[in-house]
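The next block is input_38.cif, given as mmCIF, C-alpha atoms and all ligand atoms.
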```
data_run
#
loop_
_atom_site.group_PDB
_atom_site.id
_atom_site.type_symbol
_atom_site.label_atom_id
_atom_site.label_comp_id
_atom_site.auth_asym_id
_atom_site.auth_seq_id
_atom_site.Cartn_x
_atom_site.Cartn_y
_atom_site.Cartn_z
ATOM 1 C CA MET A 1 24.871 -9.571 14.471
ATOM 2 C CA ASN A 2 21.220 -10.029 13.579
ATOM 3 C CA LYS A 3 19.856 -6.728 12.243
ATOM 4 C CA ALA A 4 16.369 -7.406 13.618
ATOM 5 C CA SER A 5 17.395 -6.975 17.255
ATOM 6 C CA LEU A 6 17.284 -4.201 19.815
ATOM 7 C CA THR A 7 21.021 -4.545 20.430
ATOM 8 C CA TYR A 8 21.831 -3.977 16.757
ATOM 9 C CA VAL A 9 19.398 -1.069 16.357
ATOM 10 C CA LYS A 10 20.812 0.726 19.424
ATOM 11 C CA GLN A 11 24.382 0.037 18.346
ATOM 12 C CA VAL A 12 24.096 1.422 14.805
ATOM 13 C CA LEU A 13 21.897 4.352 15.777
ATOM 14 C CA GLY A 14 24.446 5.458 18.379
ATOM 15 C CA ASP A 15 23.540 9.049 19.305
ATOM 16 C CA GLN A 16 20.906 9.292 16.576
ATOM 17 C CA LYS A 17 17.237 8.982 17.422
ATOM 18 C CA ALA A 18 14.580 7.241 15.321
ATOM 19 C CA LYS A 19 12.933 10.001 13.256
ATOM 20 C CA LYS A 20 9.210 10.392 13.879
ATOM 21 C CA LYS A 21 8.759 12.521 10.767
ATOM 22 C CA PHE A 22 9.857 9.539 8.641
ATOM 23 C CA GLY A 23 7.693 7.054 10.574
ATOM 24 C CA GLN A 24 10.709 5.157 11.895
ATOM 25 C CA ASN A 25 9.741 2.169 14.035
ATOM 26 C CA PHE A 26 12.339 -0.533 13.557
ATOM 27 C CA LEU A 27 11.510 -4.231 13.715
ATOM 28 C CA ILE A 28 13.430 -5.996 16.489
ATOM 29 C CA ASP A 29 11.913 -9.501 16.368
ATOM 30 C CA ALA A 30 13.869 -11.726 14.000
ATOM 31 C CA ASN A 31 11.247 -14.518 14.002
ATOM 32 C CA ILE A 32 8.542 -12.166 12.776
ATOM 33 C CA VAL A 33 10.846 -10.587 10.211
ATOM 34 C CA GLU A 34 11.899 -13.923 8.743
ATOM 35 C CA LYS A 35 8.243 -14.977 8.476
ATOM 36 C CA ILE A 36 7.429 -11.769 6.580
ATOM 37 C CA ALA A 37 10.334 -12.285 4.189
ATOM 38 C CA LYS A 38 9.266 -15.867 3.479
ATOM 39 C CA ILE A 39 5.772 -14.665 2.610
ATOM 40 C CA ALA A 40 6.990 -11.701 0.569
ATOM 41 C CA ALA A 41 9.890 -13.025 -1.470
ATOM 42 C CA LYS A 42 10.697 -15.678 -4.070
ATOM 43 C CA LYS A 43 14.136 -16.940 -4.873
ATOM 44 C CA ASP A 44 13.831 -16.286 -8.598
ATOM 45 C CA LEU A 45 12.318 -12.769 -8.388
ATOM 46 C CA LEU A 46 13.392 -9.219 -7.623
ATOM 47 C CA THR A 47 11.946 -7.729 -4.444
ATOM 48 C CA ILE A 48 11.471 -3.976 -4.169
ATOM 49 C CA GLU A 49 11.629 -2.837 -0.566
ATOM 50 C CA ILE A 50 10.182 0.492 0.563
ATOM 51 C CA GLY A 51 11.876 2.048 3.590
ATOM 52 C CA PRO A 52 14.588 -0.477 4.525
ATOM 53 C CA GLY A 53 15.588 1.584 7.586
ATOM 54 C CA LEU A 54 18.429 -0.265 9.309
ATOM 55 C CA GLY A 55 17.976 -3.371 7.193
ATOM 56 C CA ALA A 56 16.041 -5.710 9.533
ATOM 57 C CA LEU A 57 13.725 -6.935 6.804
ATOM 58 C CA SER A 58 16.209 -6.374 3.956
ATOM 59 C CA GLU A 59 18.577 -8.964 5.396
ATOM 60 C CA PHE A 60 15.944 -11.718 5.199
ATOM 61 C CA LEU A 61 14.584 -10.473 1.861
ATOM 62 C CA CYS A 62 18.084 -10.929 0.427
ATOM 63 C CA LYS A 63 18.086 -14.512 1.693
ATOM 64 C CA TYR A 64 14.767 -15.380 0.026
ATOM 65 C CA SER A 65 14.888 -13.205 -3.163
ATOM 66 C CA LYS A 66 16.996 -13.151 -6.288
ATOM 67 C CA ASN A 67 17.886 -9.541 -5.501
ATOM 68 C CA VAL A 68 16.553 -6.602 -3.516
ATOM 69 C CA GLU A 69 16.263 -2.972 -4.599
ATOM 70 C CA ALA A 70 15.391 -0.679 -1.728
ATOM 71 C CA TYR A 71 14.248 2.962 -1.583
ATOM 72 C CA GLU A 72 14.982 4.925 1.584
ATOM 73 C CA ILE A 73 14.205 8.614 2.172
ATOM 74 C CA ASP A 74 16.553 9.152 5.123
ATOM 75 C CA GLU A 75 20.194 9.728 4.215
ATOM 76 C CA ASP A 76 21.346 8.623 7.676
ATOM 77 C CA MET A 77 19.730 5.210 7.139
ATOM 78 C CA VAL A 78 21.236 4.943 3.674
ATOM 79 C CA ASN A 79 24.720 5.621 5.047
ATOM 80 C CA ILE A 80 24.319 3.004 7.773
ATOM 81 C CA LEU A 81 23.005 0.459 5.262
ATOM 82 C CA ARG A 82 25.874 1.078 2.843
ATOM 83 C CA ASN A 83 28.389 0.596 5.677
ATOM 84 C CA GLU A 84 26.809 -2.433 7.257
ATOM 85 C CA PHE A 85 25.348 -4.393 4.401
ATOM 86 C CA LYS A 86 27.425 -7.211 3.018
ATOM 87 C CA ASP A 87 24.840 -9.012 0.851
ATOM 88 C CA THR A 88 25.819 -8.588 -2.770
ATOM 89 C CA ASN A 89 22.233 -8.883 -4.010
ATOM 90 C CA PHE A 90 21.169 -5.692 -2.175
ATOM 91 C CA VAL A 91 21.036 -2.142 -3.573
ATOM 92 C CA VAL A 92 19.738 0.860 -1.658
ATOM 93 C CA ASN A 93 18.669 4.093 -3.357
ATOM 94 C CA HIS A 94 18.456 7.350 -1.432
ATOM 95 C CA THR A 95 15.047 8.328 -2.836
ATOM 96 C CA ASP A 96 11.554 9.117 -1.618
ATOM 97 C CA PHE A 97 9.547 6.156 -2.928
ATOM 98 C CA LEU A 98 6.764 8.512 -4.013
ATOM 99 C CA ASP A 99 9.224 10.017 -6.533
ATOM 100 C CA VAL A 100 10.349 6.710 -8.044
ATOM 101 C CA ASP A 101 9.476 6.190 -11.693
ATOM 102 C CA LEU A 102 8.263 2.588 -11.622
ATOM 103 C CA ALA A 103 8.208 2.267 -15.420
ATOM 104 C CA LYS A 104 11.703 0.724 -15.378
ATOM 105 C CA TYR A 105 10.304 -2.354 -13.599
ATOM 106 C CA GLU A 106 7.439 -2.944 -15.982
ATOM 107 C CA ASN A 107 9.089 -5.705 -18.017
ATOM 108 C CA GLN A 108 9.554 -8.157 -15.148
ATOM 109 C CA LYS A 109 7.506 -9.866 -12.449
ATOM 110 C CA ILE A 110 8.292 -8.443 -9.032
ATOM 111 C CA ASN A 111 7.511 -8.717 -5.368
ATOM 112 C CA ILE A 112 7.100 -5.685 -3.147
ATOM 113 C CA ALA A 113 7.752 -5.729 0.567
ATOM 114 C CA SER A 114 7.678 -3.088 3.256
ATOM 115 C CA ASN A 115 7.273 -2.322 6.890
ATOM 116 C CA LEU A 116 5.511 0.826 5.754
ATOM 117 C CA PRO A 117 6.092 4.236 7.287
ATOM 118 C CA TYR A 118 2.594 4.828 8.636
ATOM 119 C CA TYR A 119 2.376 8.544 7.842
ATOM 120 C CA VAL A 120 2.529 7.768 4.122
ATOM 121 C CA THR A 121 0.831 4.345 3.888
ATOM 122 C CA THR A 122 -2.092 5.408 1.695
ATOM 123 C CA PRO A 123 -0.166 7.374 -0.974
ATOM 124 C CA ILE A 124 2.410 4.580 -1.278
ATOM 125 C CA LEU A 125 -0.278 1.914 -1.684
ATOM 126 C CA PHE A 126 -2.201 4.029 -4.201
ATOM 127 C CA LYS A 127 1.007 4.499 -6.184
ATOM 128 C CA LEU A 128 1.507 0.728 -6.323
ATOM 129 C CA PHE A 129 -2.125 -0.067 -7.069
ATOM 130 C CA LYS A 130 -2.281 2.460 -9.905
ATOM 131 C CA SER A 131 1.021 1.388 -11.450
ATOM 132 C CA ASN A 132 1.367 -0.912 -14.438
ATOM 133 C CA LEU A 133 3.747 -3.203 -12.616
ATOM 134 C CA ASP A 134 3.618 -6.935 -13.149
ATOM 135 C CA ILE A 135 3.181 -7.695 -9.461
ATOM 136 C CA ASN A 136 3.555 -11.192 -8.089
ATOM 137 C CA LYS A 137 2.671 -10.110 -4.546
ATOM 138 C CA ILE A 138 2.729 -7.038 -2.317
ATOM 139 C CA THR A 139 3.413 -7.745 1.348
ATOM 140 C CA VAL A 140 3.211 -4.843 3.784
ATOM 141 C CA MET A 141 3.099 -4.113 7.476
ATOM 142 C CA VAL A 142 0.418 -1.555 8.251
ATOM 143 C CA GLN A 143 -1.437 -0.331 11.320
ATOM 144 C CA LYS A 144 -4.022 -2.896 12.413
ATOM 145 C CA GLU A 145 -6.934 -0.550 11.724
ATOM 146 C CA VAL A 146 -5.693 0.054 8.167
ATOM 147 C CA ALA A 147 -5.483 -3.707 7.611
ATOM 148 C CA ASP A 148 -9.126 -4.037 8.671
ATOM 149 C CA ARG A 149 -10.141 -1.457 6.087
ATOM 150 C CA PHE A 150 -8.938 -3.578 3.164
ATOM 151 C CA ASN A 151 -11.603 -6.183 3.807
ATOM 152 C CA ALA A 152 -14.262 -3.664 4.804
ATOM 153 C CA GLU A 153 -17.866 -4.465 3.938
ATOM 154 C CA VAL A 154 -20.220 -2.068 2.205
ATOM 155 C CA ASN A 155 -21.845 0.402 4.641
ATOM 156 C CA SER A 156 -19.221 -0.129 7.325
ATOM 157 C CA GLU A 157 -17.226 2.769 8.702
ATOM 158 C CA ASP A 158 -14.022 1.437 7.126
ATOM 159 C CA TYR A 159 -15.456 1.117 3.611
ATOM 160 C CA ASN A 160 -13.802 3.681 1.333
ATOM 161 C CA ALA A 161 -12.192 4.235 -2.058
ATOM 162 C CA LEU A 162 -9.079 2.318 -1.065
ATOM 163 C CA SER A 163 -11.015 -0.772 0.040
ATOM 164 C CA LEU A 164 -12.970 -0.787 -3.228
ATOM 165 C CA ILE A 165 -9.953 -0.405 -5.460
ATOM 166 C CA VAL A 166 -8.134 -3.104 -3.541
ATOM 167 C CA GLN A 167 -11.071 -5.519 -3.800
ATOM 168 C CA TYR A 168 -11.174 -4.906 -7.531
ATOM 169 C CA LEU A 169 -7.501 -5.611 -8.088
ATOM 170 C CA PHE A 170 -6.376 -8.112 -5.474
ATOM 171 C CA ASP A 171 -7.064 -11.067 -3.274
ATOM 172 C CA VAL A 172 -6.224 -9.679 0.134
ATOM 173 C CA LYS A 173 -4.948 -11.809 2.998
ATOM 174 C CA LEU A 174 -4.305 -10.879 6.605
ATOM 175 C CA GLU A 175 -1.059 -12.777 7.143
ATOM 176 C CA MET A 176 -0.437 -12.021 10.839
ATOM 177 C CA ASN A 177 -0.984 -9.560 13.619
ATOM 178 C CA VAL A 178 2.165 -8.005 15.052
ATOM 179 C CA SER A 179 2.392 -6.590 18.563
ATOM 180 C CA LYS A 180 3.712 -3.048 19.030
ATOM 181 C CA ASN A 181 6.404 -4.601 21.257
ATOM 182 C CA CYS A 182 8.128 -6.032 18.164
ATOM 183 C CA PHE A 183 9.268 -2.495 17.233
ATOM 184 C CA TYR A 184 11.730 0.041 18.551
ATOM 185 C CA PRO A 185 10.576 2.610 19.403
ATOM 186 C CA ALA A 186 7.193 0.939 20.066
ATOM 187 C CA PRO A 187 4.372 2.666 18.172
ATOM 188 C CA GLN A 188 1.063 3.547 19.882
ATOM 189 C CA VAL A 189 -0.922 0.812 18.143
ATOM 190 C CA ASP A 190 -0.563 -2.796 17.024
ATOM 191 C CA SER A 191 0.176 -3.674 13.414
ATOM 192 C CA ALA A 192 -0.638 -6.363 10.890
ATOM 193 C CA VAL A 193 1.004 -7.855 7.822
ATOM 194 C CA VAL A 194 -1.251 -7.942 4.777
ATOM 195 C CA SER A 195 -0.548 -9.452 1.372
ATOM 196 C CA PHE A 196 -2.120 -8.516 -1.965
ATOM 197 C CA THR A 197 -2.092 -11.009 -4.823
ATOM 198 C CA PRO A 198 -3.398 -9.755 -8.186
ATOM 199 C CA LYS A 199 -6.714 -11.275 -9.259
ATOM 200 C CA LYS A 200 -6.264 -13.626 -12.199
ATOM 201 C CA GLU A 201 -9.122 -12.440 -14.404
ATOM 202 C CA ARG A 202 -9.405 -8.709 -14.903
ATOM 203 C CA ASP A 203 -10.718 -7.249 -18.066
ATOM 204 C CA TYR A 204 -12.350 -3.902 -17.712
ATOM 205 C CA LYS A 205 -12.125 -1.409 -20.538
ATOM 206 C CA TYR A 206 -12.357 1.773 -18.413
ATOM 207 C CA GLU A 207 -9.973 0.664 -15.697
ATOM 208 C CA GLU A 208 -7.612 3.595 -15.880
ATOM 209 C CA GLY A 209 -10.033 6.372 -14.964
ATOM 210 C CA LEU A 210 -12.208 4.182 -12.722
ATOM 211 C CA PHE A 211 -9.950 4.549 -9.678
ATOM 212 C CA ASP A 212 -9.888 8.349 -9.857
ATOM 213 C CA PHE A 213 -13.649 8.274 -10.301
ATOM 214 C CA ILE A 214 -14.143 6.148 -7.169
ATOM 215 C CA GLU A 215 -11.848 8.440 -5.167
ATOM 216 C CA LYS A 216 -13.886 11.478 -6.258
ATOM 217 C CA CYS A 217 -17.160 9.776 -5.248
ATOM 218 C CA PHE A 218 -15.779 9.409 -1.711
ATOM 219 C CA ALA A 219 -14.134 12.856 -1.564
ATOM 220 C CA LYS A 220 -16.691 14.286 0.873
ATOM 221 C CA ARG A 221 -17.640 11.152 2.763
ATOM 222 C CA ARG A 222 -20.425 12.658 4.870
ATOM 223 C CA LYS A 223 -22.174 14.197 1.846
ATOM 224 C CA THR A 224 -24.468 12.410 -0.572
ATOM 225 C CA LEU A 225 -23.140 10.878 -3.772
ATOM 226 C CA ASN A 226 -24.919 13.628 -5.712
ATOM 227 C CA ASN A 227 -23.023 16.264 -3.786
ATOM 228 C CA ASN A 228 -19.706 14.666 -4.687
ATOM 229 C CA LEU A 229 -20.623 14.110 -8.339
ATOM 230 C CA LYS A 230 -21.535 17.794 -8.703
ATOM 231 C CA ASP A 231 -17.873 18.692 -8.310
ATOM 232 C CA PHE A 232 -16.887 17.059 -11.587
ATOM 233 C CA LEU A 233 -20.028 16.148 -13.598
ATOM 234 C CA ASP A 234 -22.739 18.314 -15.110
ATOM 235 C CA ALA A 235 -26.428 18.040 -14.175
ATOM 236 C CA THR A 236 -27.379 15.976 -17.264
ATOM 237 C CA GLN A 237 -24.685 13.382 -16.584
ATOM 238 C CA ILE A 238 -25.781 13.076 -12.963
ATOM 239 C CA LYS A 239 -29.463 12.749 -13.908
ATOM 240 C CA ASN A 240 -28.520 10.055 -16.404
ATOM 241 C CA ILE A 241 -26.754 8.044 -13.710
ATOM 242 C CA TYR A 242 -29.602 8.316 -11.211
ATOM 243 C CA ASP A 243 -32.250 7.441 -13.838
ATOM 244 C CA LYS A 244 -30.395 4.488 -15.325
ATOM 245 C CA LEU A 245 -29.234 2.967 -12.070
ATOM 246 C CA ASN A 246 -32.350 3.737 -10.028
ATOM 247 C CA PHE A 247 -30.427 5.423 -7.224
ATOM 248 C CA LYS A 248 -32.265 7.150 -4.393
ATOM 249 C CA GLU A 249 -31.534 10.882 -4.140
ATOM 250 C CA SER A 250 -30.066 10.357 -0.658
ATOM 251 C CA VAL A 251 -27.609 7.583 -1.572
ATOM 252 C CA ARG A 252 -24.001 7.892 -0.315
ATOM 253 C CA ALA A 253 -20.876 6.356 -1.847
ATOM 254 C CA GLN A 254 -20.367 4.019 1.111
ATOM 255 C CA GLU A 255 -23.723 2.321 0.398
ATOM 256 C CA LEU A 256 -22.679 1.257 -3.101
ATOM 257 C CA LEU A 257 -20.939 -1.872 -4.327
ATOM 258 C CA LEU A 258 -17.975 -2.004 -6.672
ATOM 259 C CA ASP A 259 -20.319 -3.052 -9.433
ATOM 260 C CA ASP A 260 -22.382 0.145 -8.932
ATOM 261 C CA PHE A 261 -19.283 2.293 -9.427
ATOM 262 C CA ILE A 262 -18.392 0.385 -12.584
ATOM 263 C CA LYS A 263 -21.928 0.870 -13.934
ATOM 264 C CA MET A 264 -21.905 4.593 -13.073
ATOM 265 C CA TYR A 265 -18.611 4.984 -14.839
ATOM 266 C CA GLU A 266 -19.990 3.211 -17.890
ATOM 267 C CA VAL A 267 -23.022 5.511 -17.978
ATOM 268 C CA ILE A 268 -20.708 8.536 -18.140
ATOM 269 C CA HIS A 269 -18.652 7.045 -20.932
ATOM 270 C CA ASP A 270 -21.196 5.278 -23.126
HETATM 271 N N1 LIG A 301 12.250 -1.651 7.271
HETATM 272 C C1 LIG A 301 12.708 -1.155 8.535
HETATM 273 C C2 LIG A 301 12.290 -2.108 9.623
HETATM 274 O O1 LIG A 301 11.353 -2.871 9.390
HETATM 275 O O2 LIG A 301 12.882 -2.077 10.696
HETATM 276 C C3 LIG A 301 12.227 0.263 8.818
HETATM 277 C C4 LIG A 301 10.726 0.438 8.799
HETATM 278 S S1 LIG A 301 10.193 2.055 9.322
HETATM 279 C C5 LIG A 301 8.549 1.687 9.837
HETATM 280 C C6 LIG A 301 9.883 2.926 7.805
HETATM 281 C C7 LIG A 301 11.126 3.294 6.997
HETATM 282 O O3 LIG A 301 10.671 3.996 5.811
HETATM 283 C C8 LIG A 301 12.074 4.260 7.686
HETATM 284 O O4 LIG A 301 13.385 3.806 7.497
HETATM 285 C C9 LIG A 301 11.876 5.605 6.978
HETATM 286 O O5 LIG A 301 13.008 6.425 6.991
HETATM 287 C C10 LIG A 301 11.489 5.146 5.582
HETATM 288 N N2 LIG A 301 10.659 6.096 4.822
HETATM 289 C C11 LIG A 301 9.759 6.992 5.283
HETATM 290 N N3 LIG A 301 9.150 7.637 4.274
HETATM 291 C C12 LIG A 301 9.674 7.138 3.125
HETATM 292 C C13 LIG A 301 9.459 7.407 1.750
HETATM 293 N N4 LIG A 301 8.563 8.312 1.351
HETATM 294 N N5 LIG A 301 10.187 6.735 0.821
HETATM 295 C C14 LIG A 301 11.115 5.802 1.230
HETATM 296 N N6 LIG A 301 11.369 5.515 2.531
HETATM 297 C C15 LIG A 301 10.652 6.154 3.466
#
```
Mind turning the file's structure into structure tokens?
Amino acid sequence: MNKASLTYVKQVLGDQKAKKKFGQNFLIDANIVEKIAKIAAKKDLLTIEIGPGLGALSEFLCKYSKNVEAYEIDEDMVNILRNEFKDTNFVVNHTDFLDVDLAKYENQKINIASNLPYYVTTPILFKLFKSNLDINKITVMVQKEVADRFNAEVNSEDYNALSLIVQYLFDVKLEMNVSKNCFYPAPQVDSAVVSFTPKKERDYKYEEGLFDFIEKCFAKRRKTLNNNLKDFLDATQIKNIYDKLNFKESVRAQELLLDDFIKMYEVIHD
């Protein structure tokens, strides 16, 4: 039986309920799931799947990938998957993805796919973005409003550290919108599938600390940039930045472009 169907989900769950605390909303539309897998996977590459749940997406990822390694936090899901899954190119680990040491994947090109648990979307994406993985593509289902944030423009409400870091690292594509009715149980809001393909040219000498720096500049969003900088820079360093970059005293992080953050970071380090 097709794993991306309401009948299958109800059958394997039996008396169990989908667990809210793990963000469990299972995909029950096989057409959508196959489309996601085709976007996410490549026949000659490993796909890492985060949160396979009952295997709706995993089944199609196995069809379109060389192999699939999945990380699932919920032991009940892992047991069901190990009982039900027949594909030989599928391995599921009972592990919180946030605890996975990704270093073991660093010597190969990989794809990453997930219908992300929404309560932990941002930390999972930050973990991937900050890793040293050789990523071919990341394809994830997220809440629609989160998807909008990735392409946010400077000064808009959605513009934040995550949007900046993403714009620096990836070409972002909104692949499709997905109605809440494609899930069981149906979430409150609609979703979207977004893909991230690494930018070809990237050569920035301070890259490692730049992301933490950007996050700190946005830490207190309603305060001025100066107010945020005070938490981790001394007065001379801050004065240097404002003098060299001609910033107004009242400037806030959300008014600045990626290039401004890079220049600020250079001022601190040069
Ligand atoms: N992939 C399945 C699907 O599309 O039907 C399930 C998606 S459901 C939105 C999210 C899945 O992620 C759940 O199975 C949940 O138990 C799992 N999960 C939640 N937090 C996790 C974490 N920190 N690490 C790994 N899996 C997690």
Distance criterion (only C-alpha atoms and all ligand atoms): nearest to ligand LIG 301 (chain A) out of A:Asp15, A:Val68, A:Leu46, A:Tyr119 | A:Tyr119
Within 8 Å of ligand LIG 301 (chain A): each chain A residue with its shortest pair, all atoms listed in the file, as JSON lines:
```
{"residue": "A:Ala4", "atom": "CA", "partner": "A:LIG301", "partner_atom": "O2", "distance": 7.0}
{"residue": "A:Lys19", "atom": "CA", "partner": "A:LIG301", "partner_atom": "O5", "distance": 7.2}
{"residue": "A:Lys21", "atom": "CA", "partner": "A:LIG301", "partner_atom": "C11", "distance": 7.9}
{"residue": "A:Phe22", "atom": "CA", "partner": "A:LIG301", "partner_atom": "C11", "distance": 4.2}
{"residue": "A:Gly23", "atom": "CA", "partner": "A:LIG301", "partner_atom": "C6", "distance": 5.4}
{"residue": "A:Gln24", "atom": "CA", "partner": "A:LIG301", "partner_atom": "S1", "distance": 4.1}
{"residue": "A:Asn25", "atom": "CA", "partner": "A:LIG301", "partner_atom": "C5", "distance": 4.4}
{"residue": "A:Phe26", "atom": "CA", "partner": "A:LIG301", "partner_atom": "O2", "distance": 3.3}
{"residue": "A:Leu27", "atom": "CA", "partner": "A:LIG301", "partner_atom": "O2", "distance": 4.0}
{"residue": "A:Ile28", "atom": "CA", "partner": "A:LIG301", "partner_atom": "O2", "distance": 7.0}
{"residue": "A:Val33", "atom": "CA", "partner": "A:LIG301", "partner_atom": "O1", "distance": 7.8}
{"residue": "A:Glu49", "atom": "CA", "partner": "A:LIG301", "partner_atom": "N1", "distance": 8.0}
{"residue": "A:Ile50", "atom": "CA", "partner": "A:LIG301", "partner_atom": "C14", "distance": 5.4}
{"residue": "A:Gly51", "atom": "CA", "partner": "A:LIG301", "partner_atom": "O3", "distance": 3.2}
{"residue": "A:Pro52", "atom": "CA", "partner": "A:LIG301", "partner_atom": "N1", "distance": 3.8}
{"residue": "A:Gly53", "atom": "CA", "partner": "A:LIG301", "partner_atom": "O4", "distance": 3.1}
{"residue": "A:Leu54", "atom": "CA", "partner": "A:LIG301", "partner_atom": "C1", "distance": 5.8}
{"residue": "A:Gly55", "atom": "CA", "partner": "A:LIG301", "partner_atom": "C1", "distance": 5.9}
{"residue": "A:Ala56", "atom": "CA", "partner": "A:LIG301", "partner_atom": "O2", "distance": 5.0}
{"residue": "A:Leu57", "atom": "CA", "partner": "A:LIG301", "partner_atom": "O1", "distance": 5.4}
{"residue": "A:Ser58", "atom": "CA", "partner": "A:LIG301", "partner_atom": "N1", "distance": 7.0}
{"residue": "A:Tyr71", "atom": "CA", "partner": "A:LIG301", "partner_atom": "C14", "distance": 5.1}
{"residue": "A:Glu72", "atom": "CA", "partner": "A:LIG301", "partner_atom": "N6", "distance": 3.8}
{"residue": "A:Ile73", "atom": "CA", "partner": "A:LIG301", "partner_atom": "N6", "distance": 4.2}
{"residue": "A:Asp74", "atom": "CA", "partner": "A:LIG301", "partner_atom": "O5", "distance": 4.8}
{"residue": "A:Met77", "atom": "CA", "partner": "A:LIG301", "partner_atom": "O4", "distance": 6.5}
{"residue": "A:His94", "atom": "CA", "partner": "A:LIG301", "partner_atom": "C14", "distance": 8.0}
{"residue": "A:Thr95", "atom": "CA", "partner": "A:LIG301", "partner_atom": "C14", "distance": 6.2}
{"residue": "A:Asp96", "atom": "CA", "partner": "A:LIG301", "partner_atom": "N5", "distance": 3.7}
{"residue": "A:Phe97", "atom": "CA", "partner": "A:LIG301", "partner_atom": "N5", "distance": 3.8}
{"residue": "A:Leu98", "atom": "CA", "partner": "A:LIG301", "partner_atom": "N4", "distance": 5.7}
{"residue": "A:Ser114", "atom": "CA", "partner": "A:LIG301", "partner_atom": "N1", "distance": 6.3}
{"residue": "A:Asn115", "atom": "CA", "partner": "A:LIG301", "partner_atom": "C4", "distance": 4.8}
{"residue": "A:Leu116", "atom": "CA", "partner": "A:LIG301", "partner_atom": "C5", "distance": 5.2}
{"residue": "A:Pro117", "atom": "CA", "partner": "A:LIG301", "partner_atom": "C6", "distance": 4.0}
{"residue": "A:Tyr118", "atom": "CA", "partner": "A:LIG301", "partner_atom": "C5", "distance": 6.8}
{"residue": "A:Tyr119", "atom": "CA", "partner": "A:LIG301", "partner_atom": "N3", "distance": 7.7}
{"residue": "A:Val120", "atom": "CA", "partner": "A:LIG301", "partner_atom": "N3", "distance": 6.6}
{"residue": "A:Ile124", "atom": "CA", "partner": "A:LIG301", "partner_atom": "N4", "distance": 7.7}
{"residue": "A:Phe183", "atom": "CA", "partner": "A:LIG301", "partner_atom": "O2", "distance": 7.5}
```
Selection from above, C-alpha atoms, as an mmCIF file, in the frame of the given file, can you write it?
```cif
data_model
loop_
_atom_site.group_PDB
_atom_site.id
_atom_site.type_symbol
_atom_site.label_atom_id
_atom_site.label_comp_id
_atom_site.auth_asym_id
_atom_site.auth_seq_id
_atom_site.Cartn_x
_atom_site.Cartn_y
_atom_site.Cartn_z
ATOM 1 C CA ALA A 4 16.369 -7.406 13.618
ATOM 2 C CA LYS A 19 12.933 10.001 13.256
ATOM 3 C CA LYS A 21 8.759 12.521 10.767
ATOM 4 C CA PHE A 22 9.857 9.539 8.641
ATOM 5 C CA GLY A 23 7.693 7.054 10.574
ATOM 6 C CA GLN A 24 10.709 5.157 11.895
ATOM 7 C CA ASN A 25 9.741 2.169 14.035
ATOM 8 C CA PHE A 26 12.339 -0.533 13.557
ATOM 9 C CA LEU A 27 11.510 -4.231 13.715
ATOM 10 C CA ILE A 28 13.430 -5.996 16.489
ATOM 11 C CA VAL A 33 10.846 -10.587 10.211
ATOM 12 C CA GLU A 49 11.629 -2.837 -0.566
ATOM 13 C CA ILE A 50 10.182 0.492 0.563
ATOM 14 C CA GLY A 51 11.876 2.048 3.590
ATOM 15 C CA PRO A 52 14.588 -0.477 4.525
ATOM 16 C CA GLY A 53 15.588 1.584 7.586
ATOM 17 C CA LEU A 54 18.429 -0.265 9.309
ATOM 18 C CA GLY A 55 17.976 -3.371 7.193
ATOM 19 C CA ALA A 56 16.041 -5.710 9.533
ATOM 20 C CA LEU A 57 13.725 -6.935 6.804
ATOM 21 C CA SER A 58 16.209 -6.374 3.956
ATOM 22 C CA TYR A 71 14.248 2.962 -1.583
ATOM 23 C CA GLU A 72 14.982 4.925 1.584
ATOM 24 C CA ILE A 73 14.205 8.614 2.172
ATOM 25 C CA ASP A 74 16.553 9.152 5.123
ATOM 26 C CA MET A 77 19.730 5.210 7.139
ATOM 27 C CA HIS A 94 18.456 7.350 -1.432
ATOM 28 C CA THR A 95 15.047 8.328 -2.836
ATOM 29 C CA ASP A 96 11.554 9.117 -1.618
ATOM 30 C CA PHE A 97 9.547 6.156 -2.928
ATOM 31 C CA LEU A 98 6.764 8.512 -4.013
ATOM 32 C CA SER A 114 7.678 -3.088 3.256
ATOM 33 C CA ASN A 115 7.273 -2.322 6.890
ATOM 34 C CA LEU A 116 5.511 0.826 5.754
ATOM 35 C CA PRO A 117 6.092 4.236 7.287
ATOM 36 C CA TYR A 118 2.594 4.828 8.636
ATOM 37 C CA TYR A 119 2.376 8.544 7.842
ATOM 38 C CA VAL A 120 2.529 7.768 4.122
ATOM 39 C CA ILE A 124 2.410 4.580 -1.278
ATOM 40 C CA PHE A 183 9.268 -2.495 17.233
#
```
Between atom CA of A:Leu102 and atom CA of A:Asn89, what is the distance, to one decimal in Å?
->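 Distance between the two atoms: 19.6 Å.
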Run through the PyMOL selection byres (((chain A and resi 211) around 10) and not hetatm) on the given coordinates and return the selected residues as a list in words.
->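 What the PyMOL selection byres (((chain A and resi 211) around 10) and not hetatm) grabs from the file is Phe126, Phe129, Lys130, Ala161, Leu162, Leu164, Ile165, Val166, Tyr168, Tyr206, Glu207, Glu208, Gly209, Leu210, Asp212, Phe213, Ile214, Glu215, Lys216, Cys217, Phe261 and Ile262 of chain A.
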Residues in the PyMOL selection byres (((chain A and resi 172) around 6) and not hetatm), expressed as a list in words |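 Matching residues under the PyMOL selection byres (((chain A and resi 172) around 6) and not hetatm) are Phe170, Asp171, Lys173, Ser195 and Phe196 of chain A.
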Go ahead and save the residues from that selection, with C-alpha atoms, as a PDB file, keeping the file's coordinate frame.
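Saved file part.pdb follows:
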```
ATOM      1  CA  PHE A 170      -6.376  -8.112  -5.474  1.00  0.00           C
ATOM      2  CA  ASP A 171      -7.064 -11.067  -3.274  1.00  0.00           C
ATOM      3  CA  LYS A 173      -4.948 -11.809   2.998  1.00  0.00           C
ATOM      4  CA  SER A 195      -0.548  -9.452   1.372  1.00  0.00           C
ATOM      5  CA  PHE A 196      -2.120  -8.516  -1.965  1.00  0.00           C
TER       6      PHE A 196
END
```
